[in-house]
Protein chains: 4
Amino acid sequence: MKPGRVELMRIESDVLKGNAAGDPHVRTVPVYLPPSYDDQPGRRFPSAYVLTGFTGRGRMLLNDNLWNPPLDARMDALVAAGCGELILVMPDCATRYGGSQYLDSSATGLYETHLVKELIPLVDRRYRTIDAREHRAILGKSSGGYGALVQGMRHPEVFGALACHSGDMYFEYCYRGDVPKFCARVQNAGGLRAWFEGFEAAHQKKQEDLVALNILGMAAAYSPNSVAPLGIDLPCDLESGAFRADVWERWLEHDPIRMLERHIDALRSMKLLFLDCGIRDEWHLHLGMRLFAGRLEALGLTHEREEFDDGHMNVQYRYDVSLPKIATAVGA
Amino acid sequence: MKPGRVELMRIESDVLKGNAAGDPHVRTVPVYLPPSYDDQPGRRFPSAYVLTGFTGRGRMLLNDNLWNPPLDARMDALVAAGCGELILVMPDCATRYGGSQYLDSSATGLYETHLVKELIPLVDRRYRTIDAREHRAILGKSSGGYGALVQGMRHPEVFGALACHSGDMYFEYCYRGDVPKFCARVQNAGGLRAWFEGFEAAHQKKQEDLVALNILGMAAAYSPNSVAPLGIDLPCDLESGAFRADVWERWLEHDPIRMLERHIDALRSMKLLFLDCGIRDEWHLHLGMRLFAGRLEALGLTHEREEFDDGHMNVQYRYDVSLPKIATAVGA
Amino acid sequence: MKPGRVELMRIESDVLKGNAAGDPHVRTVPVYLPPSYDDQPGRRFPSAYVLTGFTGRGRMLLNDNLWNPPLDARMDALVAAGCGELILVMPDCATRYGGSQYLDSSATGLYETHLVKELIPLVDRRYRTIDAREHRAILGKSSGGYGALVQGMRHPEVFGALACHSGDMYFEYCYRGDVPKFCARVQNAGGLRAWFEGFEAAHQKKQEDLVALNILGMAAAYSPNSVAPLGIDLPCDLESGAFRADVWERWLEHDPIRMLERHIDALRSMKLLFLDCGIRDEWHLHLGMRLFAGRLEALGLTHEREEFDDGHMNVQYRYDVSLPKIATAVGA
Amino acid sequence: MKPGRVELMRIESDVLKGNAAGDPHVRTVPVYLPPSYDDQPGRRFPSAYVLTGFTGRGRMLLNDNLWNPPLDARMDALVAAGCGELILVMPDCATRYGGSQYLDSSATGLYETHLVKELIPLVDRRYRTIDAREHRAILGKSSGGYGALVQGMRHPEVFGALACHSGDMYFEYCYRGDVPKFCARVQNAGGLRAWFEGFEAAHQKKQEDLVALNILGMAAAYSPNSVAPLGIDLPCDLESGAFRADVWERWLEHDPIRMLERHIDALRSMKLLFLDCGIRDEWHLHLGMRLFAGRLEALGLTHEREEFDDGHMNVQYRYDVSLPKIATAVGA
């Protein structure tokens with residue numbers, strides 16, 4: 001069967017121009033056009049936005065590997081096996097802090113706005129999508145699963161289906177335990193700027209530094225403060241080392257577990273609400289997923305949930321499960 | 001120089017008889033008698049109780065190693081170098097859950113009572129100690145550092161000096177992050193009993209299980225509940241997986257950081273209040289120590305604090321620093 | 001500055017058709033065309049073949065990463081900084097056994113022939129290269145460094161310069177220690193086919209299996225035997241477990257350390273002979289490099305050698321050192 | 001049941017006096033006396049010598065652990081379950097290089113002589129043993145398994161039964177792969193003396209250094225050379241880094257796989273020849289054991305062999321299998 005093809009769309013963002021983190025406002029967004037796209041020039045296709053995890057950006061979904069096909073090849077294989085055709089869009093919402101959680105933040109930039117108000121309209125203008133929520137989905141893994149779930153909750157007028165793979169939720173379990181690791185690492189490096197500069201300069205990024213970066217990145221997304229160093233309130237006091245409950249409370253406002261109650265109608269409106277997670281997730285996200293699904297159930301909200309026997313990393317093969325469901329949900 | 005010698009004292013405990021965890025009530029407690037003990041039969045010596053960490057008991061302080069001398073050899077060397085002579089007592093407060101934190105608990109046994117009301121009087125009867133707080137010290141590492149600090153705070157009538165090496169404190173940082181690890185591990189094993197039986201039966205104890213055991217052991221010490229399974233309230237709901245803030249609040253009552261304010265006089269009365277910790281402590285106990293020391297300072301309480309460039313494990317060499325200070329503080 | 005661009009060249013190989021390992025004979029080879037390529041349509045450019053390591057293929061050189069730019073972006077930055085312009089060709093010589101070492105083998109396929117007789121002529125026909133050894137270089141890392149060194153030695157009529165980064169050599173140190181790991185792993189899995197099928201089916205490739213695959217891949221390249229299982233003679237007897245010195249001797253024939261003496265003229269003819277390696281290379285390749293360089297020196301063969309303080313993995317930044325030297329060596 | 005008891009026997013060795021490594025010639029050797037020893041003062045008992053692994057000495061067999069009983073408690077439990085009573089002797093043949101392999105060496109000391117000519121006669125004089133090969137066994141684990149096997153082969157006039165747990169053999173697989181690790185580690189540390197002094201001074205012994213020490217220790221045992229640095233010929237040239245086949249050949253003379261043919265009568269004379277190993281042994285010693293056992297079988301030599309599903313470390317529980325067999329073999 002003829003494969004689809006990928007275009008690298010260049011987007012010059014207005015809302016990211018002059019962003020606080022100093023990240024580029026021009027981004028490259030891969031767009032996968034399915035096999036029939038060129039052959040049927042009058043046909044429009046449903047679209048799905050695929051969000052990467054922390055330290056990722058859209059292009060990485062196309063990274064080659066001997067045993068893990070890139071997303072385009074994966075989608076080609078699914079279509080060959082009968083899956084409905086979709087345009088896949090792979091946004092770039094990365095920041096120098098590792099990511100944006102696909103949220104607007106004074107510390108990083110207006111990534112939610114960029115995604116919803118800039119990127120989607122541009123895609124709809126440039127490609128033959130079906131510009132309607134019923135035919136537009138959002139999905140992703142890890143921080144991308146978080147983004148899919150949160151953007152789905154906040155923008156039901158835009159998205160009609162969502163899939164959340166190993167998504168960040170129940171911050172009590174997925175982030176809180178890393179706060180002291182962040183604190184200790186940064187203190188031992190001589191403070192926030194010294195640590196961050198050292199991190200950026202290092203050829204090899206150490207695991208302990210990536211753990212610390214994760215906390216910095218989340219703080220940049222959840223607790224920005226334009227008058228704090230780097231524009232970020234941290235969940236610990238770097239002087240005393242103490243946990244900051246006030247900052248933590250701001251984080252929790254972004255926890256899907258807590259957001260859920262505020263977005264019941266949005267969640268009910270989804271044609272597909274799919275969640276999955278590995279039961280050996282190193283960030284315990286399966287525990288969060290179970291709590292989230294438990295509340296969905298208690299509220300009578302339809303959803304699909306799957307667990308699988310794996311950890312958090314290298315689970316792209318789970319797209320083979322979600323994409324056909326997405327295609328069915330948003331298909332014409 | 002003539003070395004000291006060790007007697008293995010057998011103690012049949014009344015208070016541990018029939019303890020809930022089913023652990024033996026007869027224990028073996030090594031007692032180190034310093035070089036002059038036999039030569040000067042009329043002389044009495046100050047004593048120091050040395051508490052081991054989690055999964056330890058007194059005899060392990062005598063474990064041989066090619067590069068880490070056992071405690072008796074270490075003390076011999078210190079005495080040879082001019083350190084005052086001490087009787088060292090190495091209590092056994094181990095439980096099948098890995099330890100007791102040297103506390104009374106309905107889930108394990110009355111280990112605080114055993115230590116303070118049974119063991120110490122027996123030692124004072126059997127050996128030529130100086131039976132007075134001014135001449136009795138307590139010290140230990142990790143859970144043993146916790147025990148030394150807490151027993152010192154709670155029993156200033158018994159102990160006149162204390163040294164806390166890498167002691168458990170600021171539970172927010174040293175335990176909380178392991179609660180989801182415990183929850184996930186136990187759930188995946190099929191529940192608490194299934195997991196614990198599997199753990200006990202395994203020839204090789206896995207790191208993830210030791211992490212989980214640590215949480216179970218702390219729950220046994222801090223949040224016993226005679227009507228709960230195993231007699232222990234856990235800091236998470238094993239069904240839903242949710243964190244239990246009510247149980248956690250009970251743990252915090254045992255956090256030295258919080259206990260401090262209730263024991264100011266006791267702390268002030270110490271002839272030595274020594275704390276140290278490695279700045280790469282894997283449980284972030286150096287962050288707790290700094291907070292603890294900061295409050296001591298704010299309250300004008302005299303203490304000594306040292307930091308060293310190491311992690312949490314295999315730091316017995318720090319006894320070379322504390323024992324001479326102890327000997328000076330409780331010396332005749 | 002205007003960036004270069006990448007074309008994904010499709011090559012249908014005659015010599016790989018029906019290869020023993022069952023790998024595809026149609027390959028995708030990225031070709032980087034430098035900034036001036038389109039602007040100066042009458043100009044011809046020197047070319048360099050960049051070989052990936054084990055488990056790699058050319059496209060992976062373009063994999064995106066937040067902190068490690070893909071090869072095209074890296075080359076763009078070098079050119080912007082004054083480096084001579086090169087056409088970079090990224091061959092795909094991967095096999096299901098993880099790689100081919102860029103050699104002809106009855107167990108995998110005729111990858112050396114494919115590279116030298118098929119791919120290079122096709123590139124020279126399709127792109128405006130300067131088709132002369134003086135203007136054609138070969139370089140790579142790890143197994144790709146091996147490939148660059150060996151192909152340079154064997155085809156001085158084709159290549160006029162070479163750079164070998166952390167290249168496989170001194171098999172005594174880089175492979176021999178993994179033979180028992182291979183043997184044990186495969187035996188415990190129930191034999192070669194059972195192990196290999198399990199490996200191929202696994203979502204997550206375990207480190208022990210990748211170590212074993214490395215030995216299988218090397219055996220496929222160095223000691224093929226069309227009548228043995230999988231067409232491969234192994235360096236151990238899977239029944240008894242014993243090391244096979246006869247097979248090992250065949251491997252050694254492919255060791256650059258031993259090949260050197262047979263290719264002195266070729267090595268002398270290189271306009272650039274560059275070697276580097278990290279001094280903490282996990283396969284001890286820096287020890288091999290030092291031995292190789294020592295023999296070059298003893299033979300009076302000009303070369304450049306660098307050591308750097310790093311291990312084996314994620315050292316793509318070393319291309320920033322070699323590519324400008326390559327560009328100078330093969331520049332017009 | 002009444003437990004046995006342990007005496008710490010002090011032995012002042014003549015043959016170790018002034019040994020080249022500067023290790024003490026006075027050693028402490030624990031002797032376990034079984035439950036009936038004191039009650040039946042006219043009775044004599046068979047004896048067994050238990051040899052520890054690398055970096056061990058006899059006293060470590062008594063190290064306490066919450067889940068792994070020390071050897072005396074283990075033996076008490078076996079006797080309580082019906083095992084024949086044995087006197088267990090735990091020699092100290094440790095050296096500053098981590099061990100002696102229980103061999104005579106000019107680089108360390110005459111440990112074989114010490115064991116066979118000094119220690120055993122002393123034990124037989126001091127304790128009520130049955131001084132006859134039929135009633136004397138030797139066993140051990142890892143380097144101690146090597147020692148048991150080799151001393152049994154070389155001294156059938158002394159030992160009538162042997163058990164070898166996870167013993168060093170087939171040096172091709174258990175040592176050779178670590179030679180480059182040794183070379184790289186020592187070179188990066190600035191040479192043999194600089195590395196070794198740094199190692200001895202370090203509070204925490206790093207895994208890479210213990211791997212290197214293992215090679216140094218084996219070289220001290222297998223390839224001493226009184227005119228070489230430290231009195232030791234190394235299996236690699238520290239200047240060039242090259243493997244030294246001549247030194248390696250000297251090592252192989254000590255490989256049980258090769259020694260076997262020279263000691264067939266001794267092996268045939270054993271009342272028990274027991275070997276076991278975990279099938280996931282990190283040094284691949286199970287592969288060596290299978291080869292060794294295969295040759296025994298080919299030669300018609302009776303033996304028992306067991307494999308178990310574990311690695312190399314913490315397998316003291318295997319003494320529960322061997323000691324009853326030993327007791328039966330050398331019982332009165």
# chains A, B, ... in the order shown; residues from 1 in each chain; ligands from 1

$ interface_residues --of "chain D" --to "chain B" --cutoff "10 Å" --atoms "only C-alpha atoms" --output "PyMOL selection string"
chain D and resi 55-68+94-96+98-99+200-205+310-311+313-317

$ select_by_dssp --residues "stretch 275-313 of chain A" --states "strand (DSSP E)" --output "number ranges by chain"
A: 275-278, 304-308

$ residues_around --residues "A:Ser47" --least-positions-apart "4" --cutoff "6 Å" --atoms "only C-alpha atoms" --output "list in words"
Leu86, Ile87, Leu88 and Arg136 of chain A

$ select_by_dssp --residues "stretch 59-231 of chain A" --states "alpha helix (DSSP H)" --output "ChimeraX atom specification"
/A:71-80,111-113,120-126,143-154,171-174,179-188,192-201,207-222

$ residues_around --residues "stretch 32-38 of chain C" --least-positions-apart "3" --cutoff "6 Å" --atoms "only C-alpha atoms" --output "PyMOL selection string"
chain C and resi 2-6+41+85+87-88

$ write_last_selection --atoms "C-alpha atoms" --output "PDB file, in the first residue's frame"
ATOM      1  CA  LYS C   2      20.469  29.446   4.680  1.00  0.00           C
ATOM      2  CA  PRO C   3      20.482  25.866   5.947  1.00  0.00           C
ATOM      3  CA  GLY C   4      21.258  22.819   3.895  1.00  0.00           C
ATOM      4  CA  ARG C   5      18.535  20.325   3.140  1.00  0.00           C
ATOM      5  CA  VAL C   6      18.082  16.588   3.357  1.00  0.00           C
ATOM      6  CA  PRO C  41      23.873  24.661  -9.667  1.00  0.00           C
ATOM      7  CA  GLU C  85      30.631  22.447   2.537  1.00  0.00           C
ATOM      8  CA  ILE C  87      27.521  16.415   0.839  1.00  0.00           C
ATOM      9  CA  LEU C  88      26.834  13.974   3.667  1.00  0.00           C
TER      10      LEU C  88
END

$ residues_around --residues "B:Val330" --least-positions-apart "5" --cutoff "12 Å" --atoms "only C-alpha atoms" --output "MDAnalysis selection string"
chainID B and resid 45:48 83:87 129:138 159:162 270:273 323:325

$ write_last_selection --atoms "N, CA, C and O atoms" --output "tab-separated table (two decimals), in the first residue's frame"
chain	number	residue	atom	x	y	z
B	45	PHE	N	32.37	3.05	84.57
B	45	PHE	CA	32.58	3.69	83.27
B	45	PHE	C	31.29	4.32	82.76
B	45	PHE	O	30.20	3.80	83.04
B	46	PRO	N	31.42	5.40	82.05
B	46	PRO	CA	30.23	5.93	81.37
B	46	PRO	C	29.78	4.94	80.30
B	46	PRO	O	30.57	4.13	79.82
B	47	SER	N	28.53	5.03	79.90
B	47	SER	CA	28.01	4.09	78.91
B	47	SER	C	27.36	4.85	77.76
B	47	SER	O	26.91	5.98	77.91
B	48	ALA	N	27.34	4.19	76.62
B	48	ALA	CA	26.68	4.77	75.44
B	48	ALA	C	25.92	3.66	74.72
B	48	ALA	O	26.45	2.56	74.53
B	83	CYS	N	40.95	8.57	73.17
B	83	CYS	CA	39.53	8.75	73.47
B	83	CYS	C	39.21	8.16	74.84
B	83	CYS	O	39.77	7.13	75.23
B	84	GLY	N	38.30	8.79	75.56
B	84	GLY	CA	37.87	8.26	76.85
B	84	GLY	C	37.20	6.91	76.71
B	84	GLY	O	36.60	6.61	75.68
B	85	GLU	N	37.29	6.10	77.74
B	85	GLU	CA	36.74	4.74	77.66
B	85	GLU	C	35.25	4.74	77.96
B	85	GLU	O	34.78	5.42	78.88
B	86	LEU	N	34.54	3.97	77.18
B	86	LEU	CA	33.08	3.89	77.31
B	86	LEU	C	32.66	2.42	77.27
B	86	LEU	O	33.29	1.61	76.57
B	87	ILE	N	31.63	2.11	77.99
B	87	ILE	CA	30.93	0.85	77.76
B	87	ILE	C	29.92	1.11	76.64
B	87	ILE	O	29.14	2.06	76.71
B	129	THR	N	28.72	0.39	85.17
B	129	THR	CA	28.43	1.69	84.56
B	129	THR	C	28.34	2.75	85.64
B	129	THR	O	28.24	2.43	86.82
B	130	ILE	N	28.34	4.00	85.18
B	130	ILE	CA	27.95	5.07	86.10
B	130	ILE	C	26.49	5.36	85.80
B	130	ILE	O	26.15	5.87	84.73
B	131	ASP	N	25.64	4.99	86.73
B	131	ASP	CA	24.20	5.04	86.48
B	131	ASP	C	23.67	6.45	86.75
B	131	ASP	O	23.10	6.72	87.80
B	132	ALA	N	23.89	7.31	85.78
B	132	ALA	CA	23.42	8.70	85.91
B	132	ALA	C	23.35	9.28	84.51
B	132	ALA	O	24.19	8.96	83.67
B	133	ARG	N	22.37	10.11	84.26
B	133	ARG	CA	22.22	10.66	82.91
B	133	ARG	C	23.47	11.36	82.42
B	133	ARG	O	23.78	11.32	81.24
B	134	GLU	N	24.17	12.02	83.34
B	134	GLU	CA	25.37	12.76	82.95
B	134	GLU	C	26.43	11.83	82.37
B	134	GLU	O	27.37	12.30	81.73
B	135	HIS	N	26.29	10.56	82.65
B	135	HIS	CA	27.31	9.61	82.21
B	135	HIS	C	26.73	8.53	81.29
B	135	HIS	O	27.28	7.44	81.17
B	136	ARG	N	25.60	8.88	80.70
B	136	ARG	CA	25.00	7.92	79.77
B	136	ARG	C	24.59	8.65	78.49
B	136	ARG	O	23.92	9.68	78.54
B	137	ALA	N	25.02	8.11	77.38
B	137	ALA	CA	24.75	8.74	76.08
B	137	ALA	C	23.97	7.79	75.20
B	137	ALA	O	23.89	6.58	75.45
B	138	ILE	N	23.40	8.36	74.16
B	138	ILE	CA	22.72	7.55	73.16
B	138	ILE	C	23.10	8.09	71.79
B	138	ILE	O	23.20	9.30	71.59
B	159	PHE	N	19.28	10.05	79.51
B	159	PHE	CA	20.42	10.32	78.63
B	159	PHE	C	20.89	11.77	78.79
B	159	PHE	O	20.07	12.69	78.78
B	160	GLY	N	22.18	11.94	78.86
B	160	GLY	CA	22.73	13.28	79.02
B	160	GLY	C	23.49	13.79	77.80
B	160	GLY	O	23.99	14.90	77.78
B	161	ALA	N	23.56	12.95	76.79
B	161	ALA	CA	24.27	13.36	75.57
B	161	ALA	C	23.75	12.50	74.42
B	161	ALA	O	23.33	11.36	74.63
B	162	LEU	N	23.78	13.08	73.23
B	162	LEU	CA	23.29	12.28	72.10
B	162	LEU	C	24.01	12.68	70.82
B	162	LEU	O	24.42	13.82	70.63
B	270	MET	N	21.14	18.64	77.17
B	270	MET	CA	22.15	17.70	76.67
B	270	MET	C	23.55	18.29	76.77
B	270	MET	O	23.80	19.41	76.34
B	271	LYS	N	24.47	17.50	77.30
B	271	LYS	CA	25.86	17.95	77.34
B	271	LYS	C	26.48	17.88	75.95
B	271	LYS	O	27.46	18.58	75.66
B	272	LEU	N	25.92	17.05	75.12
B	272	LEU	CA	26.32	17.02	73.70
B	272	LEU	C	25.09	16.75	72.86
B	272	LEU	O	24.33	15.82	73.15
B	273	LEU	N	24.90	17.60	71.88
B	273	LEU	CA	23.82	17.38	70.91
B	273	LEU	C	24.50	17.50	69.55
B	273	LEU	O	24.75	18.58	69.05
B	323	LEU	N	32.13	9.40	68.63
B	323	LEU	CA	32.44	8.71	69.89
B	323	LEU	C	33.39	9.50	70.79
B	323	LEU	O	33.15	9.57	72.01
B	324	PRO	N	34.44	10.11	70.25
B	324	PRO	CA	35.28	10.93	71.15
B	324	PRO	C	34.51	12.09	71.78
B	324	PRO	O	34.74	12.43	72.94
B	325	LYS	N	33.61	12.70	71.03
B	325	LYS	CA	32.81	13.79	71.60
B	325	LYS	C	31.89	13.25	72.70
B	325	LYS	O	31.71	13.88	73.75

$ decode --residues "stretch 101-111 of chain B" --atoms "all heavy atoms" --output "PDB file, in the first residue's frame"
ATOM      1  N   GLN B 101      11.808   1.649  65.106  1.00  0.00           N
ATOM      2  CA  GLN B 101      12.113   3.066  65.361  1.00  0.00           C
ATOM      3  C   GLN B 101      12.321   3.325  66.853  1.00  0.00           C
ATOM      4  O   GLN B 101      12.257   4.453  67.297  1.00  0.00           O
ATOM      5  CB  GLN B 101      11.022   3.986  64.788  1.00  0.00           C
ATOM      6  CG  GLN B 101      10.879   3.908  63.274  1.00  0.00           C
ATOM      7  CD  GLN B 101      12.150   4.332  62.555  1.00  0.00           C
ATOM      8  OE1 GLN B 101      12.996   3.504  62.205  1.00  0.00           O
ATOM      9  NE2 GLN B 101      12.322   5.631  62.366  1.00  0.00           N
ATOM     10  N   TYR B 102      12.532   2.265  67.621  1.00  0.00           N
ATOM     11  CA  TYR B 102      12.788   2.399  69.055  1.00  0.00           C
ATOM     12  C   TYR B 102      11.611   3.053  69.772  1.00  0.00           C
ATOM     13  O   TYR B 102      11.783   3.762  70.752  1.00  0.00           O
ATOM     14  CB  TYR B 102      14.112   3.147  69.294  1.00  0.00           C
ATOM     15  CG  TYR B 102      15.250   2.466  68.567  1.00  0.00           C
ATOM     16  CD1 TYR B 102      15.618   2.866  67.280  1.00  0.00           C
ATOM     17  CD2 TYR B 102      15.914   1.379  69.125  1.00  0.00           C
ATOM     18  CE1 TYR B 102      16.634   2.202  66.586  1.00  0.00           C
ATOM     19  CE2 TYR B 102      16.937   0.718  68.424  1.00  0.00           C
ATOM     20  CZ  TYR B 102      17.286   1.128  67.173  1.00  0.00           C
ATOM     21  OH  TYR B 102      18.267   0.478  66.476  1.00  0.00           O
ATOM     22  N   LEU B 103      10.418   2.771  69.245  1.00  0.00           N
ATOM     23  CA  LEU B 103       9.191   3.326  69.822  1.00  0.00           C
ATOM     24  C   LEU B 103       8.296   2.202  70.343  1.00  0.00           C
ATOM     25  O   LEU B 103       8.419   1.056  69.914  1.00  0.00           O
ATOM     26  CB  LEU B 103       8.411   4.111  68.757  1.00  0.00           C
ATOM     27  CG  LEU B 103       9.076   5.360  68.196  1.00  0.00           C
ATOM     28  CD1 LEU B 103       8.214   5.965  67.091  1.00  0.00           C
ATOM     29  CD2 LEU B 103       9.326   6.391  69.299  1.00  0.00           C
ATOM     30  N   ASP B 104       7.397   2.547  71.235  1.00  0.00           N
ATOM     31  CA  ASP B 104       6.326   1.635  71.632  1.00  0.00           C
ATOM     32  C   ASP B 104       5.254   1.664  70.554  1.00  0.00           C
ATOM     33  O   ASP B 104       4.833   2.735  70.110  1.00  0.00           O
ATOM     34  CB  ASP B 104       5.708   2.085  72.970  1.00  0.00           C
ATOM     35  CG  ASP B 104       6.608   1.793  74.169  1.00  0.00           C
ATOM     36  OD1 ASP B 104       7.644   1.113  73.993  1.00  0.00           O
ATOM     37  OD2 ASP B 104       6.280   2.262  75.273  1.00  0.00           O
ATOM     38  N   SER B 105       4.793   0.492  70.156  1.00  0.00           N
ATOM     39  CA  SER B 105       3.733   0.426  69.154  1.00  0.00           C
ATOM     40  C   SER B 105       2.947  -0.857  69.367  1.00  0.00           C
ATOM     41  O   SER B 105       3.532  -1.918  69.618  1.00  0.00           O
ATOM     42  CB  SER B 105       4.343   0.416  67.741  1.00  0.00           C
ATOM     43  OG  SER B 105       3.407  -0.109  66.811  1.00  0.00           O
ATOM     44  N   SER B 106       1.633  -0.760  69.241  1.00  0.00           N
ATOM     45  CA  SER B 106       0.805  -1.965  69.397  1.00  0.00           C
ATOM     46  C   SER B 106       1.009  -2.921  68.229  1.00  0.00           C
ATOM     47  O   SER B 106       0.661  -4.090  68.315  1.00  0.00           O
ATOM     48  CB  SER B 106      -0.670  -1.576  69.503  1.00  0.00           C
ATOM     49  OG  SER B 106      -1.103  -0.930  68.317  1.00  0.00           O
ATOM     50  N   ALA B 107       1.576  -2.429  67.140  1.00  0.00           N
ATOM     51  CA  ALA B 107       1.767  -3.293  65.967  1.00  0.00           C
ATOM     52  C   ALA B 107       3.052  -4.112  66.056  1.00  0.00           C
ATOM     53  O   ALA B 107       3.170  -5.164  65.435  1.00  0.00           O
ATOM     54  CB  ALA B 107       1.788  -2.451  64.694  1.00  0.00           C
ATOM     55  N   THR B 108       4.014  -3.604  66.790  1.00  0.00           N
ATOM     56  CA  THR B 108       5.291  -4.319  66.869  1.00  0.00           C
ATOM     57  C   THR B 108       5.547  -4.778  68.308  1.00  0.00           C
ATOM     58  O   THR B 108       5.538  -5.974  68.593  1.00  0.00           O
ATOM     59  CB  THR B 108       6.451  -3.429  66.387  1.00  0.00           C
ATOM     60  OG1 THR B 108       6.441  -2.213  67.144  1.00  0.00           O
ATOM     61  CG2 THR B 108       6.313  -3.109  64.915  1.00  0.00           C
ATOM     62  N   GLY B 109       5.738  -3.819  69.191  1.00  0.00           N
ATOM     63  CA  GLY B 109       6.034  -4.153  70.578  1.00  0.00           C
ATOM     64  C   GLY B 109       6.462  -2.883  71.297  1.00  0.00           C
ATOM     65  O   GLY B 109       6.594  -1.828  70.677  1.00  0.00           O
ATOM     66  N   LEU B 110       6.730  -3.014  72.595  1.00  0.00           N
ATOM     67  CA  LEU B 110       7.058  -1.823  73.380  1.00  0.00           C
ATOM     68  C   LEU B 110       8.574  -1.654  73.426  1.00  0.00           C
ATOM     69  O   LEU B 110       9.227  -1.915  74.436  1.00  0.00           O
ATOM     70  CB  LEU B 110       6.452  -1.955  74.777  1.00  0.00           C
ATOM     71  CG  LEU B 110       4.936  -2.239  74.806  1.00  0.00           C
ATOM     72  CD1 LEU B 110       4.422  -2.317  76.246  1.00  0.00           C
ATOM     73  CD2 LEU B 110       4.164  -1.177  74.027  1.00  0.00           C
ATOM     74  N   TYR B 111       9.123  -1.199  72.311  1.00  0.00           N
ATOM     75  CA  TYR B 111      10.574  -1.152  72.198  1.00  0.00           C
ATOM     76  C   TYR B 111      11.188   0.014  72.958  1.00  0.00           C
ATOM     77  O   TYR B 111      12.293  -0.098  73.477  1.00  0.00           O
ATOM     78  CB  TYR B 111      10.997  -1.169  70.723  1.00  0.00           C
ATOM     79  CG  TYR B 111      10.794  -2.543  70.129  1.00  0.00           C
ATOM     80  CD1 TYR B 111       9.609  -2.896  69.494  1.00  0.00           C
ATOM     81  CD2 TYR B 111      11.766  -3.531  70.283  1.00  0.00           C
ATOM     82  CE1 TYR B 111       9.408  -4.169  68.993  1.00  0.00           C
ATOM     83  CE2 TYR B 111      11.581  -4.804  69.792  1.00  0.00           C
ATOM     84  CZ  TYR B 111      10.408  -5.129  69.144  1.00  0.00           C
ATOM     85  OH  TYR B 111      10.214  -6.402  68.678  1.00  0.00           O
TER      86      TYR B 111
END
